[in-house]
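To be precise, the following lines are data_30.txt, and they hold compact mmCIF, C-alpha atoms.
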# COMPACT_ATOMS: atom_id res chain seq x y z
CA MET A 27 12.98 -40.16 -5.48
CA LYS A 28 14.20 -37.67 -8.00
CA ASN A 29 17.17 -35.62 -6.98
CA ARG A 30 16.43 -31.92 -7.36
CA LEU A 31 19.91 -30.51 -6.87
CA LYS A 32 20.30 -27.70 -9.38
CA ILE A 33 23.46 -27.68 -11.46
CA VAL A 34 24.26 -24.17 -12.53
CA LEU A 35 26.78 -23.92 -15.35
CA THR A 36 28.07 -20.47 -16.28
CA ILE A 37 30.78 -19.30 -18.69
CA GLY A 38 34.04 -19.07 -16.74
CA LEU A 39 33.03 -19.88 -13.18
CA ILE A 40 30.66 -22.77 -12.52
CA ILE A 41 28.65 -22.32 -9.36
CA VAL A 42 28.00 -25.63 -7.68
CA PHE A 43 26.53 -24.77 -4.33
CA GLN A 44 23.41 -26.87 -4.51
CA GLU A 45 20.01 -26.46 -2.96
CA ILE A 46 18.95 -29.32 -0.75
CA SER A 47 16.09 -31.12 -2.47
CA ALA A 48 12.57 -30.17 -1.55
CA GLN A 49 11.83 -33.76 -0.60
CA SER A 50 14.81 -33.86 1.77
CA LYS A 51 13.48 -30.75 3.51
CA LEU A 52 10.08 -32.37 3.77
CA ILE A 53 11.60 -35.45 5.37
CA GLN A 54 13.47 -33.31 7.88
CA SER A 55 10.49 -31.22 8.87
CA SER A 56 8.37 -34.30 9.45
CA GLU A 57 11.00 -35.95 11.69
CA PHE A 58 12.51 -33.07 13.67
CA GLN A 59 12.60 -29.32 13.93
CA THR A 60 15.49 -27.27 12.58
CA GLU A 61 14.32 -24.11 14.41
CA ILE A 62 13.68 -24.42 18.13
CA ILE A 63 12.79 -22.05 20.97
CA ASP A 64 14.51 -23.37 24.09
CA THR A 65 14.90 -22.26 27.70
CA VAL A 66 17.46 -22.90 30.41
CA TYR A 67 17.23 -22.01 34.08
CA SER A 68 20.19 -20.03 35.35
CA GLU A 69 21.28 -20.38 38.97
CA THR A 70 23.59 -17.44 38.33
CA LEU A 71 20.84 -15.09 37.13
CA LYS A 72 18.08 -16.71 39.23
CA GLU A 73 15.77 -16.76 36.22
CA TYR A 74 14.88 -18.69 33.10
CA ARG A 75 16.64 -17.52 29.97
CA GLU A 76 15.07 -18.05 26.55
CA PHE A 77 17.05 -18.60 23.37
CA TRP A 78 16.44 -19.86 19.86
CA VAL A 79 18.39 -22.47 17.96
CA LYS A 80 18.61 -22.86 14.19
CA LEU A 81 20.17 -26.11 13.01
CA PRO A 82 21.66 -26.40 9.52
CA GLU A 83 19.24 -27.65 6.90
CA ASN A 84 21.49 -30.64 6.23
CA TYR A 85 21.41 -31.66 9.90
CA ASN A 86 20.95 -35.40 10.27
CA PRO A 87 19.79 -36.50 13.76
CA ASN A 88 21.33 -39.90 13.10
CA GLY A 89 24.65 -38.44 12.00
CA ASN A 90 27.80 -37.66 13.96
CA VAL A 91 28.64 -34.26 12.44
CA LYS A 92 29.50 -31.49 14.91
CA TYR A 93 28.90 -27.89 13.82
CA PRO A 94 30.58 -24.61 14.75
CA VAL A 95 28.26 -22.26 16.61
CA VAL A 96 27.41 -18.57 16.33
CA TYR A 97 25.98 -17.00 19.49
CA LEU A 98 23.98 -13.80 18.88
CA LEU A 99 23.20 -11.44 21.75
CA ASP A 100 19.84 -9.62 21.58
CA GLY A 101 19.04 -12.76 19.63
CA PHE A 102 15.33 -12.27 19.10
CA SER A 103 15.52 -8.68 17.87
CA LEU A 104 18.43 -9.39 15.48
CA LYS A 105 17.38 -12.88 14.40
CA GLU A 106 16.35 -11.99 10.85
CA ASN A 107 19.62 -10.15 10.20
CA LEU A 108 21.77 -13.16 11.10
CA GLU A 109 19.54 -15.61 9.26
CA ALA A 110 19.59 -13.49 6.10
CA VAL A 111 23.39 -13.41 6.08
CA TYR A 112 23.83 -17.09 6.86
CA ASP A 113 21.18 -18.30 4.42
CA ASN A 114 22.83 -16.39 1.58
CA TYR A 115 26.49 -17.08 2.35
CA TRP A 116 26.83 -20.65 3.61
CA GLY A 117 28.76 -22.85 1.23
CA HIS A 118 31.71 -20.99 -0.28
CA TYR A 119 31.92 -18.29 2.41
CA LEU A 120 30.64 -20.01 5.54
CA PRO A 121 30.43 -23.58 6.78
CA HIS A 122 27.20 -25.11 8.00
CA ILE A 123 26.72 -23.49 11.41
CA ILE A 124 24.36 -23.78 14.37
CA LEU A 125 22.90 -20.35 15.11
CA ILE A 126 21.98 -19.47 18.72
CA GLY A 127 20.05 -16.30 19.56
CA ILE A 128 20.17 -15.38 23.27
CA SER A 129 17.37 -13.22 24.66
CA ASN A 130 18.32 -10.09 26.57
CA LYS A 131 14.77 -8.86 26.98
CA THR A 132 14.61 -9.45 30.75
CA ASP A 133 17.11 -6.79 31.81
CA ARG A 134 19.31 -5.89 28.86
CA ILE A 135 21.34 -3.08 30.42
CA ARG A 136 22.05 -5.17 33.52
CA ASP A 137 23.20 -8.17 31.44
CA LEU A 138 25.44 -6.36 28.98
CA THR A 139 27.13 -3.44 30.75
CA THR A 140 30.58 -4.00 32.18
CA SER A 141 30.56 -1.75 35.26
CA GLN A 142 28.12 0.02 37.57
CA ILE A 143 27.36 3.67 36.92
CA LYS A 144 24.85 6.17 38.28
CA MET A 145 24.98 8.78 35.50
CA ARG A 146 25.19 8.47 31.71
CA ARG A 147 25.35 11.35 29.24
CA GLY A 148 24.32 13.82 31.93
CA GLN A 149 21.29 11.85 33.08
CA ALA A 150 20.67 9.57 36.04
CA MET A 151 20.75 5.83 35.31
CA ASP A 152 17.68 4.24 36.88
CA ASN A 153 18.52 0.81 35.49
CA GLU A 154 20.60 -1.82 37.22
CA THR A 155 24.03 -1.85 35.56
CA GLY A 156 27.30 -3.73 35.56
CA GLY A 157 26.04 -7.31 35.29
CA ALA A 158 28.33 -8.42 32.46
CA GLU A 159 30.44 -10.69 34.65
CA ASN A 160 27.36 -12.51 35.92
CA PHE A 161 26.04 -12.86 32.40
CA SER A 162 29.45 -14.09 31.22
CA HIS A 163 29.36 -16.72 33.97
CA PHE A 164 25.88 -17.79 32.81
CA ILE A 165 27.11 -18.18 29.23
CA GLU A 166 30.25 -20.12 30.21
CA LYS A 167 28.96 -22.34 33.00
CA GLU A 168 25.31 -22.83 32.10
CA LEU A 169 24.35 -21.96 28.52
CA ILE A 170 27.32 -23.37 26.58
CA PRO A 171 27.34 -26.69 28.50
CA TYR A 172 23.60 -26.98 27.93
CA ILE A 173 24.00 -26.31 24.20
CA GLU A 174 26.89 -28.73 23.83
CA ASN A 175 25.06 -31.46 25.70
CA LYS A 176 21.82 -31.13 23.73
CA TYR A 177 22.84 -30.01 20.23
CA PRO A 178 25.56 -31.29 17.82
CA SER A 179 27.86 -28.35 18.47
CA SER A 180 31.62 -28.11 18.37
CA PRO A 181 33.82 -25.88 20.58
CA TYR A 182 34.50 -23.52 17.65
CA ARG A 183 32.39 -20.51 18.67
CA THR A 184 31.64 -16.99 17.42
CA LEU A 185 30.01 -14.21 19.47
CA ILE A 186 28.07 -11.29 17.93
CA GLY A 187 26.81 -8.23 19.79
CA HIS A 188 25.44 -4.79 18.90
CA SER A 189 25.62 -1.57 20.95
CA TYR A 190 25.69 -2.57 24.66
CA ALA A 191 26.03 -6.14 23.43
CA GLY A 192 29.01 -4.98 21.36
CA LEU A 193 30.55 -3.64 24.57
CA PHE A 194 29.89 -7.04 26.15
CA THR A 195 31.44 -8.81 23.15
CA ILE A 196 34.69 -6.88 23.48
CA ASN A 197 34.69 -7.55 27.22
CA MET A 198 34.42 -11.27 26.46
CA LEU A 199 37.43 -11.03 24.16
CA ILE A 200 39.50 -9.01 26.60
CA ASN A 201 38.59 -10.84 29.82
CA HIS A 202 37.23 -14.26 28.80
CA LYS A 203 39.08 -15.02 25.59
CA HIS A 204 39.06 -18.79 26.16
CA LEU A 205 35.33 -19.02 25.39
CA PHE A 206 35.15 -17.86 21.76
CA GLN A 207 37.44 -17.91 18.75
CA ASN A 208 35.64 -15.11 16.89
CA TYR A 209 33.98 -11.83 17.83
CA ILE A 210 31.84 -9.27 15.97
CA ALA A 211 31.32 -6.01 17.87
CA ILE A 212 28.75 -3.88 16.05
CA ASP A 213 28.74 -0.18 16.97
CA PRO A 214 29.92 -1.12 20.49
CA SER A 215 29.23 1.24 23.39
CA LEU A 216 32.88 1.67 24.35
CA ASP A 217 32.15 5.12 25.77
CA TRP A 218 30.53 3.34 28.75
CA ASP A 219 31.74 4.49 32.17
CA ASP A 220 34.27 7.03 30.90
CA GLN A 221 35.74 4.47 28.47
CA LYS A 222 36.64 2.11 31.31
CA LEU A 223 36.72 -1.06 29.16
CA LEU A 224 38.55 0.78 26.36
CA LYS A 225 41.35 1.69 28.75
CA GLN A 226 41.50 -1.86 30.09
CA ALA A 227 41.54 -3.27 26.55
CA LYS A 228 44.55 -1.14 25.65
CA GLU A 229 46.45 -2.55 28.61
CA LYS A 230 45.52 -6.15 27.79
CA LEU A 231 46.26 -5.84 24.07
CA SER A 232 49.68 -4.43 24.93
CA SER A 233 50.62 -7.22 27.32
CA GLU A 234 48.65 -10.40 26.53
CA ASN A 235 48.59 -12.92 23.70
CA TYR A 236 45.45 -13.13 21.54
CA GLU A 237 46.84 -15.51 18.93
CA GLY A 238 44.07 -17.52 17.30
CA LYS A 239 41.40 -14.92 18.10
CA SER A 240 39.66 -12.78 15.47
CA LEU A 241 37.65 -9.59 15.91
CA TYR A 242 35.55 -7.49 13.55
CA VAL A 243 34.38 -4.04 14.66
CA SER A 244 31.94 -1.75 12.87
CA LEU A 245 30.97 1.90 13.21
CA ALA A 246 27.79 3.50 11.87
CA ALA A 247 28.88 6.93 10.63
CA GLU A 248 25.73 8.44 9.12
CA GLN A 249 25.23 10.50 12.29
CA LEU A 250 28.52 11.00 14.12
CA HIS A 251 27.23 13.97 16.10
CA MET A 252 23.72 14.42 17.44
CA TRP A 253 23.20 17.82 15.81
CA ASP A 254 26.40 19.04 14.15
CA GLU A 255 26.52 18.02 10.48
CA GLU A 256 30.03 19.43 10.13
CA ILE A 257 31.48 16.53 12.14
CA THR A 258 32.89 13.92 9.74
CA MET A 259 35.30 10.99 9.93
CA GLU A 260 38.05 13.41 8.89
CA ASN A 261 37.65 15.75 11.86
CA ILE A 262 35.80 13.78 14.55
CA MET A 263 38.91 12.99 16.59
CA ASP A 264 39.49 16.74 16.99
CA ASP A 265 36.13 17.11 18.73
CA ALA A 266 36.06 16.70 22.50
CA SER A 267 32.33 16.88 23.14
CA GLU A 268 30.18 14.23 24.80
CA PHE A 269 28.21 14.01 21.55
CA THR A 270 31.06 12.32 19.66
CA LEU A 271 32.47 10.21 22.49
CA PHE A 272 30.61 7.10 21.32
CA ALA A 273 32.13 7.14 17.83
CA ARG A 274 35.53 8.37 19.01
CA SER A 275 35.75 5.47 21.46
CA ILE A 276 35.16 2.93 18.67
CA ILE A 277 37.72 4.60 16.41
CA ASP A 278 40.27 4.81 19.23
CA PHE A 279 39.85 1.15 20.15
CA SER A 280 39.87 -0.08 16.55
CA THR A 281 42.97 1.83 15.47
CA PHE A 282 44.79 0.80 18.64
CA ALA A 283 43.86 -2.89 18.30
CA THR A 284 44.93 -2.84 14.65
CA SER A 285 48.30 -1.31 15.56
CA LYS A 286 49.13 -3.90 18.23
CA LYS A 287 50.41 -6.60 15.90
CA GLN A 288 52.35 -8.26 18.73
CA SER A 289 49.08 -9.20 20.45
CA GLY A 290 48.41 -11.75 17.71
CA LEU A 291 44.79 -10.61 17.41
CA ASN A 292 43.40 -10.90 13.89
CA VAL A 293 41.38 -7.69 13.71
CA SER A 294 39.53 -5.69 11.09
CA TRP A 295 37.16 -2.77 11.35
CA ASN A 296 34.96 -0.87 8.97
CA VAL A 297 33.08 2.44 8.87
CA TYR A 298 29.57 2.32 7.42
CA ASN A 299 29.06 5.86 6.18
CA GLU A 300 25.48 5.34 5.03
CA ASP A 301 24.24 3.48 8.10
CA LEU A 302 22.68 4.53 11.37
CA HIS A 303 23.07 2.75 14.70
CA GLY A 304 19.88 0.81 14.04
CA THR A 305 20.67 -0.24 10.46
CA VAL A 306 24.33 -1.23 10.80
CA PRO A 307 23.84 -4.78 12.21
CA LEU A 308 22.93 -6.36 8.87
CA PRO A 309 25.94 -5.24 6.79
CA SER A 310 28.22 -5.71 9.81
CA MET A 311 27.19 -9.35 10.22
CA ARG A 312 27.72 -9.98 6.52
CA ASP A 313 31.17 -8.38 6.34
CA GLY A 314 32.15 -9.62 9.78
CA LEU A 315 31.37 -13.27 9.17
CA ILE A 316 33.08 -13.21 5.77
CA PHE A 317 36.18 -11.71 7.42
CA LEU A 318 36.18 -14.16 10.33
CA PHE A 319 35.83 -17.15 7.99
CA LYS A 320 38.04 -15.84 5.21
CA TRP A 321 40.27 -18.88 5.64
CA TYR A 322 37.22 -21.09 5.01
CA GLN A 323 36.59 -19.74 1.52
CA PHE A 324 37.18 -22.45 -1.02
CA LYS A 325 40.60 -22.48 -2.65
CA SER A 326 41.05 -22.76 -6.44
CA PRO A 327 37.40 -23.23 -7.47
CA GLN A 328 38.42 -22.74 -11.09
CA LYS A 329 40.46 -25.96 -10.94
CA TYR A 330 37.44 -27.90 -9.75
CA ASN A 331 35.44 -26.46 -12.62
CA ASN A 332 38.13 -27.01 -15.27
CA PRO A 333 37.55 -30.23 -17.27
CA GLU A 334 41.32 -30.48 -17.78
CA THR A 335 42.02 -30.96 -14.05
CA THR A 336 42.85 -34.60 -13.33
CA VAL A 337 41.35 -36.76 -10.58
CA GLU A 338 44.77 -36.89 -8.90
CA GLU A 339 44.99 -33.10 -8.84
CA LEU A 340 41.49 -32.87 -7.38
CA VAL A 341 42.33 -35.34 -4.63
CA GLU A 342 45.43 -33.31 -3.75
CA LEU A 343 43.38 -30.10 -3.60
CA LEU A 344 40.84 -31.75 -1.33
CA GLU A 345 43.55 -33.03 1.00
CA LYS A 346 44.96 -29.50 1.34
CA GLN A 347 41.48 -28.08 1.93
CA GLU A 348 40.82 -30.65 4.65
CA GLU A 349 44.10 -29.74 6.34
CA ILE A 350 43.17 -26.03 6.35
CA TYR A 351 39.75 -26.70 7.85
CA SER A 352 40.94 -29.18 10.45
CA THR A 353 43.74 -26.84 11.57
CA HIS A 354 41.41 -23.88 12.05
CA PHE A 355 38.53 -25.76 13.64
CA GLY A 356 40.84 -27.81 15.84
CA TYR A 357 39.26 -31.15 14.98
CA PRO A 358 38.86 -33.29 11.81
CA PHE A 359 36.69 -31.46 9.29
CA PRO A 360 35.59 -32.55 5.78
CA PRO A 361 37.09 -30.63 2.84
CA MET A 362 33.63 -29.94 1.40
CA ILE A 363 30.11 -29.70 2.66
CA GLU A 364 27.84 -32.49 1.46
CA GLU A 365 26.04 -30.28 -1.05
CA MET A 366 29.31 -29.41 -2.78
CA PHE A 367 30.39 -33.04 -3.12
CA SER A 368 27.03 -33.82 -4.72
CA GLY A 369 27.11 -30.72 -6.87
CA TYR A 370 30.54 -31.45 -8.32
CA GLY A 371 29.53 -35.06 -8.85
CA TYR A 372 26.48 -34.09 -10.89
CA MET A 373 28.41 -31.40 -12.74
CA ASN A 374 30.99 -33.93 -13.92
CA LEU A 375 28.28 -36.41 -14.89
CA GLN A 376 26.72 -33.68 -17.00
CA MET A 377 30.12 -32.84 -18.53
CA GLY A 378 30.76 -36.47 -19.51
CA GLN A 379 33.49 -37.09 -16.91
CA PRO A 380 32.25 -40.14 -14.98
CA GLU A 381 35.60 -40.87 -13.28
CA LYS A 382 35.54 -37.48 -11.57
CA ALA A 383 31.85 -37.85 -10.78
CA LEU A 384 32.48 -41.20 -9.10
CA MET A 385 35.30 -39.71 -7.02
CA PHE A 386 33.07 -36.90 -5.68
CA PHE A 387 30.12 -39.21 -4.99
CA LYS A 388 32.36 -41.73 -3.23
CA LEU A 389 34.00 -39.09 -1.04
CA ASN A 390 30.56 -37.77 -0.16
CA ILE A 391 29.69 -41.15 1.30
CA ASP A 392 33.09 -41.46 3.00
CA TYR A 393 32.69 -38.12 4.78
CA TYR A 394 28.92 -38.29 5.32
CA PRO A 395 28.20 -42.01 5.82
CA ASN A 396 24.87 -41.37 7.54
CA SER A 397 23.43 -39.28 4.70
CA ALA A 398 20.64 -40.92 2.71
CA SER A 399 21.10 -38.23 0.05
CA ALA A 400 24.77 -39.19 -0.45
CA TYR A 401 23.83 -42.81 -1.21
CA ASN A 402 20.98 -41.71 -3.45
CA SER A 403 23.42 -39.56 -5.44
CA MET A 404 25.69 -42.56 -5.91
CA ALA A 405 22.66 -44.45 -7.20
CA ASP A 406 22.17 -41.66 -9.75
CA TYR A 407 25.75 -42.20 -10.89
CA TYR A 408 25.30 -45.94 -11.40
CA GLU A 409 21.96 -45.48 -13.11
CA ALA A 410 23.62 -43.05 -15.54
CA GLN A 411 26.20 -45.78 -16.28
CA GLY A 412 23.46 -48.36 -16.87
CA ASP A 413 24.56 -50.34 -13.79
CA PHE A 414 21.12 -50.90 -12.31
CA ALA A 415 22.26 -53.54 -9.80
CA ASN A 416 24.55 -51.05 -8.04
CA ALA A 417 21.96 -48.31 -8.41
CA ILE A 418 19.47 -50.49 -6.52
CA LYS A 419 22.14 -51.29 -3.91
CA TYR A 420 22.73 -47.63 -3.12
CA VAL A 421 19.07 -46.59 -3.19
CA THR A 422 18.36 -49.47 -0.81
CA LYS A 423 21.00 -48.06 1.55
CA ALA A 424 19.43 -44.60 1.23
CA PHE A 425 16.07 -46.12 2.14
CA GLU A 426 17.56 -47.90 5.17
CA ILE A 427 18.96 -44.60 6.44
CA GLY A 428 16.17 -42.21 5.46
CA GLY A 429 13.10 -44.43 5.44
CA ASP A 430 11.48 -42.25 2.80
CA ASP A 431 8.84 -43.88 0.58
CA GLY A 432 10.35 -42.01 -2.36
CA TYR A 433 13.44 -44.22 -2.14
CA LYS A 434 11.26 -47.33 -1.95
CA LYS A 435 9.39 -46.25 -5.08
CA ARG A 436 12.70 -45.64 -6.86
CA ILE A 437 13.90 -49.16 -6.01
CA GLU A 438 10.78 -50.56 -7.63
CA GLU A 439 11.33 -48.43 -10.74
CA LEU A 440 14.95 -49.56 -11.04
CA GLU A 441 13.97 -53.21 -10.62
CA ARG A 442 11.76 -52.90 -13.68
CA LYS A 443 14.64 -51.70 -15.86
Would you write the structure of this file as structure tokens?
Amino acid sequence: MKNRLKIVLTIGLIIVFQEISAQSKLIQSSEFQTEIIDTVYSETLKEYREFWVKLPENYNPNGNVKYPVVYLLDGFSLKENLEAVYDNYWGHYLPHIILIGISNKTDRIRDLTTSQIKMRRGQAMDNETGGAENFSHFIEKELIPYIENKYPSSPYRTLIGHSYAGLFTINMLINHKHLFQNYIAIDPSLDWDDQKLLKQAKEKLSSENYEGKSLYVSLAAEQLHMWDEEITMENIMDDASEFTLFARSIIDFSTFATSKKQSGLNVSWNVYNEDLHGTVPLPSMRDGLIFLFKWYQFKSPQKYNNPETTVEELVELLEKQEEIYSTHFGYPFPPMIEEMFSGYGYMNLQMGQPEKALMFFKLNIDYYPNSASAYNSMADYYEAQGDFANAIKYVTKAFEIGGDDGYKKRIEELERK
């Protein structure tokens, strides 16, 4: 089976995040699904709750890799936004992640609001409200255990919510901080119930420890006031009308949270001047995930690309990278995703540096011993060296793991050489 990883060499920076081969994707799709619609019954909510799961494309059902998880509220309506960000930024910016999209179609306002109210913005509230604690209990006691029992997920979790779901997300941070490490609150409805959660958050951030937690908050500022175009970010806090309470609440919370350094919370917030409430989720997810995983971004890529860097220096860099990842995730974590190990291996083969290539291919197998692709890449290395006996050995191992006829055909081709 021909390996179709693309090696992209550019002047200065060499990009080595590789595409998984088309044949590997074909093998996966024929054996298991990477996108699943699932349902769990909730005793807390007294109803079935639907959610979708997207497994990483490199997921191996026979492997032992555990993945961090991103939970997205309003998961079906915002699914394409999260997928677009993840599909374009995994690798250097983001690790392989399991994405979970939770439906809130049944009774969204009930699920996501943090207290009961009868009036909102001068109008009667006919909806049931204030069910956030019940929904939090469902997530903690029913959904997360179900996910962790059925899917290869780790306890490193991120929660994303928009609007009412942004309100819920901040409530989870303030009142249930043990559940998630990371939070993205997109245009959160912190004006809810006369800013009740905002006031509570100020108390908690002044008195409690949020070390190890990270929060990203966004505000859509294209329309800060319903009808007054003169209201801008420069003067909005001087306005006292109901029309600006939504935005003022976000600004108040964000500036306060940023100022409370003693809380230990790693927080950032951004104003999206060209976005409306309905368009801000996409850029917020992009910027938010990059912020939350800033520590994940690969260190010293130029040294990996520089032909003058020695094998010993590369090994030292990888050891430091592994330490960073394992410390943040809280469990042993490889210093590179599988695609990067392969990519750097092929890059060094192409650059005439077989010693480095062998190191990357070997580490790929060490860290991903159940990957047929990793063994097939090692076979490519030995074939390039004219060592057909070892090439056959590693393709045979790939065939034993993957069972793909393409590997079997390659064995036959190598035997004829």
So that I can check the surroundings of Asn114 (chain A), please list as a count of residues only every protein, DNA and RNA residue that reaches within 12 Å of it, counting all atoms listed in the file and ignoring chain neighbours fewer than 5 positions away. 13
Excluding region 279-281 of chain A and its own-chain neighbours fewer than 3 positions away, which residues fall within 8 Å of it when counting only C-alpha atoms? Please give them as a count of residues only. 10
Residues within 10 Å of Lys382 (chain A), only C-alpha atoms, excluding chain neighbours under 2 positions, as a short mmCIF file (atom, residue, chain, number, x, y, z; two decimals) with C-alpha atoms, in the frame of the given file:
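Once everything was written out, this is selection_37.cif:
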data_model
loop_
_atom_site.label_atom_id
_atom_site.label_comp_id
_atom_site.auth_asym_id
_atom_site.auth_seq_id
_atom_site.Cartn_x
_atom_site.Cartn_y
_atom_site.Cartn_z
CA TYR A 330 37.44 -27.90 -9.75
CA PRO A 333 37.55 -30.23 -17.27
CA THR A 335 42.02 -30.96 -14.05
CA THR A 336 42.85 -34.60 -13.33
CA VAL A 337 41.35 -36.76 -10.58
CA GLU A 338 44.77 -36.89 -8.90
CA LEU A 340 41.49 -32.87 -7.38
CA VAL A 341 42.33 -35.34 -4.63
CA TYR A 370 30.54 -31.45 -8.32
CA GLY A 371 29.53 -35.06 -8.85
CA TYR A 372 26.48 -34.09 -10.89
CA MET A 373 28.41 -31.40 -12.74
CA ASN A 374 30.99 -33.93 -13.92
CA LEU A 375 28.28 -36.41 -14.89
CA MET A 377 30.12 -32.84 -18.53
CA GLY A 378 30.76 -36.47 -19.51
CA GLN A 379 33.49 -37.09 -16.91
CA PRO A 380 32.25 -40.14 -14.98
CA LEU A 384 32.48 -41.20 -9.10
CA MET A 385 35.30 -39.71 -7.02
CA PHE A 386 33.07 -36.90 -5.68
CA PHE A 387 30.12 -39.21 -4.99
CA LYS A 388 32.36 -41.73 -3.23
#
Which residues are close to region 65-68 of chain A, i.e. within 12 Å by all atoms listed in the file, leaving aside same-chain residues fewer than 4 positions away? Reply as a list of chain:residue names. A:Lys72, A:Glu73, A:Tyr74, A:Arg75, A:Glu76, A:Phe77, A:Trp78, A:Val79, A:Ile126, A:Gly127, A:Ile128, A:Ser129, A:Asn160, A:Phe161, A:Ser162, A:His163, A:Phe164, A:Ile165, A:Glu166, A:Lys167, A:Glu168, A:Leu169, A:Ile170, A:Pro171, A:Tyr172, A:Ile173, A:Lys176
Identify the residues within 12 Å of coordinate (46.5, -2.7, 20.3) (same frame as the file), considering all atoms listed in the file, and give the answer as a PyMOL selection string. chain A and resi 200+224-236+278-294
Could you take the residues named above and write them with C-alpha atoms, as a short mmCIF file (atom, residue, chain, number, x, y, z; two decimals), keeping the file's coordinate frame?
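Writing done, so here's again16.cif:
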data_model
loop_
_atom_site.label_atom_id
_atom_site.label_comp_id
_atom_site.auth_asym_id
_atom_site.auth_seq_id
_atom_site.Cartn_x
_atom_site.Cartn_y
_atom_site.Cartn_z
CA ILE A 200 39.50 -9.01 26.60
CA LEU A 224 38.55 0.78 26.36
CA LYS A 225 41.35 1.69 28.75
CA GLN A 226 41.50 -1.86 30.09
CA ALA A 227 41.54 -3.27 26.55
CA LYS A 228 44.55 -1.14 25.65
CA GLU A 229 46.45 -2.55 28.61
CA LYS A 230 45.52 -6.15 27.79
CA LEU A 231 46.26 -5.84 24.07
CA SER A 232 49.68 -4.43 24.93
CA SER A 233 50.62 -7.22 27.32
CA GLU A 234 48.65 -10.40 26.53
CA ASN A 235 48.59 -12.92 23.70
CA TYR A 236 45.45 -13.13 21.54
CA ASP A 278 40.27 4.81 19.23
CA PHE A 279 39.85 1.15 20.15
CA SER A 280 39.87 -0.08 16.55
CA THR A 281 42.97 1.83 15.47
CA PHE A 282 44.79 0.80 18.64
CA ALA A 283 43.86 -2.89 18.30
CA THR A 284 44.93 -2.84 14.65
CA SER A 285 48.30 -1.31 15.56
CA LYS A 286 49.13 -3.90 18.23
CA LYS A 287 50.41 -6.60 15.90
CA GLN A 288 52.35 -8.26 18.73
CA SER A 289 49.08 -9.20 20.45
CA GLY A 290 48.41 -11.75 17.71
CA LEU A 291 44.79 -10.61 17.41
CA ASN A 292 43.40 -10.90 13.89
CA VAL A 293 41.38 -7.69 13.71
CA SER A 294 39.53 -5.69 11.09
#
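The spacing separating CA of Gln376 (chain A) from CA of Leu344 (chain A) amounts to 21.2 Å.
With only C-alpha atoms as the atoms that count, the minimum distance from Ile427 (chain A) to the choices A:Leu71, A:Pro87, A:Leu308, A:Trp116 is reached by A:Pro87.
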Taking (36.4, -7.1, 28.0) in the coordinates of the supplied file, I want to know which residues reach to within 10 Å of it, counting all atoms listed in the file; could you give the answer as number ranges by chain? A: 140, 158-159, 193-203, 222-224, 226-227, 230
Give me a file of those residues, with C-alpha atoms, as an mmCIF file, in the coordinates of the input.
data_model
loop_
_atom_site.group_PDB
_atom_site.id
_atom_site.type_symbol
_atom_site.label_atom_id
_atom_site.label_comp_id
_atom_site.auth_asym_id
_atom_site.auth_seq_id
_atom_site.Cartn_x
_atom_site.Cartn_y
_atom_site.Cartn_z
ATOM 1 C CA THR A 140 30.580 -4.000 32.180
ATOM 2 C CA ALA A 158 28.330 -8.420 32.460
ATOM 3 C CA GLU A 159 30.440 -10.690 34.650
ATOM 4 C CA LEU A 193 30.550 -3.640 24.570
ATOM 5 C CA PHE A 194 29.890 -7.040 26.150
ATOM 6 C CA THR A 195 31.440 -8.810 23.150
ATOM 7 C CA ILE A 196 34.690 -6.880 23.480
ATOM 8 C CA ASN A 197 34.690 -7.550 27.220
ATOM 9 C CA MET A 198 34.420 -11.270 26.460
ATOM 10 C CA LEU A 199 37.430 -11.030 24.160
ATOM 11 C CA ILE A 200 39.500 -9.010 26.600
ATOM 12 C CA ASN A 201 38.590 -10.840 29.820
ATOM 13 C CA HIS A 202 37.230 -14.260 28.800
ATOM 14 C CA LYS A 203 39.080 -15.020 25.590
ATOM 15 C CA LYS A 222 36.640 2.110 31.310
ATOM 16 C CA LEU A 223 36.720 -1.060 29.160
ATOM 17 C CA LEU A 224 38.550 0.780 26.360
ATOM 18 C CA GLN A 226 41.500 -1.860 30.090
ATOM 19 C CA ALA A 227 41.540 -3.270 26.550
ATOM 20 C CA LYS A 230 45.520 -6.150 27.790
#
Using all atoms listed in the file, which residue out of A:Leu389, A:Leu98, A:Leu440, A:Ala247 lies closest to Ala211 (chain A)? A:Leu98
Name the residues in contact with region 178-190 of chain A at a cut-off of 6 Å, using only C-alpha atoms, excluding same-chain residues fewer than 4 positions from it; report them as JSON, numbers by chain. {"A": [92, 93, 94, 95, 96, 97, 98, 99, 138, 174, 195, 206, 207, 208, 209, 210, 211, 212, 213, 214, 215]}
Measure the distance from CA of Ala150 (chain A) to CA of Asp217 (chain A) in Å and round it to one decimal. 16.0 Å
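Here CA of Leu302 (chain A) stands at a distance of 29.7 Å from CA of Gln323 (chain A).
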So, with all atoms listed in the file as the atoms that count, which of A:Glu441, A:Glu106, A:Glu255, A:Asp431 lies closest to Asp413 (chain A)?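 Under the stated criterion, the closest residue is A:Glu441.
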Coordinates of box centre and edge lengths for region 334-343 of chain A, 6 Å on every side, axis-aligned, as JSON:
{"center_x": 43.4, "center_y": -33.5, "center_z": -10.7, "size_x": 16.1, "size_y": 18.8, "size_z": 26.2}
